[in-house]
Amino acid sequence: MSKLLTKKDIIIADDGGHLTWTLQAFKVKYGQKLFSAFGNSPMGYALPASIGASIAKNNSRIICVDGDGSLQINLQE
């Protein structure tokens with residue numbers, strides 16, 4: 001995924017394994033932004049954070065790294 005993304009992309013990782021794998025394997029390019037709630041790491045963070053980033057940066061591509069449990073937390077809302 002690191003090779004396919006451009007320097008203007010914003011990456012938002014959720015919690016647990018998905019955050020750990022992203023931080024270990026993703027090579028952030030100059031200009032890219034990688035966001036997470038890091039210390040707090042709540043389930044369900046990435047989807048609403050991605051929507052907010054999309055609204056704030058309407059010309060940027062937002063990549064949401066999310067898991068099935070975190071996504072299901074937001075589906076009911």
# chains A, B, ... in the order shown; residues from 1 in each chain; ligands from 1
call {"tool": "residues_around", "arguments": {"residues": "Pro42 of chain A", "least_positions_apart": "3", "cutoff": "8 Å", "atoms": "only C-alpha atoms", "output": "PyMOL selection string"}}
result
chain A and resi 14-15+37+45
call {"tool": "select_by_dssp", "arguments": {"residues": "chain A", "states": "strand (DSSP E or B)", "output": "JSON, numbers by chain"}}
result
{"A": [10, 11, 12, 13, 33, 34, 35, 62, 63, 64, 65]}
call {"tool": "write_last_selection", "arguments": {"atoms": "N, CA and C atoms", "output": "short mmCIF file (atom, residue, chain, number, x, y, z; two decimals), in the first residue's frame"}}
result
data_model
loop_
_atom_site.label_atom_id
_atom_site.label_comp_id
_atom_site.auth_asym_id
_atom_site.auth_seq_id
_atom_site.Cartn_x
_atom_site.Cartn_y
_atom_site.Cartn_z
N ILE A 10 -3.73 11.05 2.98
CA ILE A 10 -3.83 11.03 4.43
C ILE A 10 -4.26 9.63 4.84
N ILE A 11 -3.53 9.04 5.78
CA ILE A 11 -3.79 7.69 6.24
C ILE A 11 -4.26 7.76 7.69
N ILE A 12 -5.38 7.12 7.99
CA ILE A 12 -5.90 7.11 9.35
C ILE A 12 -6.09 5.65 9.76
N ALA A 13 -5.35 5.25 10.80
CA ALA A 13 -5.41 3.87 11.28
C ALA A 13 -6.24 3.79 12.55
N LYS A 33 0.37 12.25 5.65
CA LYS A 33 0.04 12.38 7.06
C LYS A 33 -0.53 11.04 7.53
N LEU A 34 -0.08 10.59 8.70
CA LEU A 34 -0.58 9.37 9.30
C LEU A 34 -1.16 9.73 10.66
N PHE A 35 -2.46 9.51 10.81
CA PHE A 35 -3.16 9.85 12.04
C PHE A 35 -3.70 8.62 12.74
N ILE A 62 -8.25 10.11 1.31
CA ILE A 62 -8.17 9.64 2.69
C ILE A 62 -8.20 8.11 2.66
N ILE A 63 -7.22 7.49 3.34
CA ILE A 63 -7.15 6.04 3.42
C ILE A 63 -7.47 5.65 4.86
N CYS A 64 -8.52 4.87 5.05
CA CYS A 64 -8.95 4.43 6.37
C CYS A 64 -8.53 2.98 6.56
N VAL A 65 -7.64 2.74 7.53
CA VAL A 65 -7.20 1.38 7.86
C VAL A 65 -8.03 0.94 9.06
#
call {"tool": "closest_residue", "arguments": {"among": "A:Gly31, A:Thr20, A:Leu4, A:Asn74", "to": "Ala49 of chain A", "atoms": "only C-alpha atoms"}}
result
A:Asn74
call {"tool": "select_by_dssp", "arguments": {"residues": "segment 1-74 of chain A", "states": "helix (DSSP H, G or I)", "output": "list of chain:residue names"}}
result
A:Gly16, A:Gly17, A:His18, A:Leu19, A:Thr20, A:Trp21, A:Thr22, A:Leu23, A:Gln24, A:Ala25, A:Ala46, A:Leu47, A:Pro48, A:Ala49, A:Ser50, A:Ile51, A:Gly52, A:Ala53, A:Ser54, A:Ile55, A:Ala56, A:Asp68, A:Gly69, A:Ser70, A:Leu71, A:Gln72, A:Ile73, A:Asn74
call {"tool": "atom_distance", "arguments": {"atom1": "atom CA of Gly67 of chain A", "atom2": "atom CA of Lys3 of chain A"}}
result
21.4 Å
call {"tool": "closest_residue", "arguments": {"among": "A:Leu23, A:Tyr30, A:Leu47, A:Met1", "to": "Leu71 of chain A", "atoms": "only C-alpha atoms"}}
result
A:Leu47
call {"tool": "closest_residue", "arguments": {"among": "A:Pro48, A:Gln32, A:Gly16, A:Phe38", "to": "Glu77 of chain A", "atoms": "only C-alpha atoms"}}
result
A:Pro48
call {"tool": "residues_around", "arguments": {"residues": "Gly69 of chain A", "least_positions_apart": "3", "cutoff": "9 Å", "atoms": "only C-alpha atoms", "output": "ChimeraX atom specification"}}
result
/A:43-44,66,72-73
call {"tool": "residues_around", "arguments": {"residues": "Lys29 of chain A", "least_positions_apart": "3", "cutoff": "9 Å", "atoms": "only C-alpha atoms", "output": "MDAnalysis selection string"}}
result
chainID A and resid 2 5:8 32:33
call {"tool": "write_last_selection", "arguments": {"atoms": "N, CA and C atoms", "output": "CSV table (one decimal), in the first residue's frame"}}
result
chain,number,residue,atom,x,y,z
A,2,SER,N,2.0,1.2,0.7
A,2,SER,CA,2.9,2.4,0.7
A,2,SER,C,3.3,2.8,-0.7
A,5,LEU,N,0.4,4.8,-2.7
A,5,LEU,CA,-0.2,6.1,-2.3
A,5,LEU,C,0.7,7.2,-2.7
A,6,THR,N,0.1,8.4,-2.9
A,6,THR,CA,0.9,9.6,-3.3
A,6,THR,C,1.3,10.4,-2.0
A,7,LYS,N,2.1,11.4,-2.3
A,7,LYS,CA,2.6,12.2,-1.1
A,7,LYS,C,1.5,13.1,-0.5
A,8,LYS,N,0.4,13.2,-1.2
A,8,LYS,CA,-0.7,14.1,-0.6
A,8,LYS,C,-1.8,13.3,0.1
A,32,GLN,N,3.0,13.0,3.3
A,32,GLN,CA,1.8,12.2,3.7
A,32,GLN,C,1.6,12.5,5.2
A,33,LYS,N,0.4,12.3,5.6
A,33,LYS,CA,0.0,12.4,7.1
A,33,LYS,C,-0.5,11.0,7.5
call {"tool": "atom_distance", "arguments": {"atom1": "atom CA of Ser70 of chain A", "atom2": "atom CA of Ile51 of chain A"}}
result
14.5 Å
call {"tool": "atom_distance", "arguments": {"atom1": "atom CA of Phe26 of chain A", "atom2": "atom CA of Arg61 of chain A"}}
result
16.4 Å
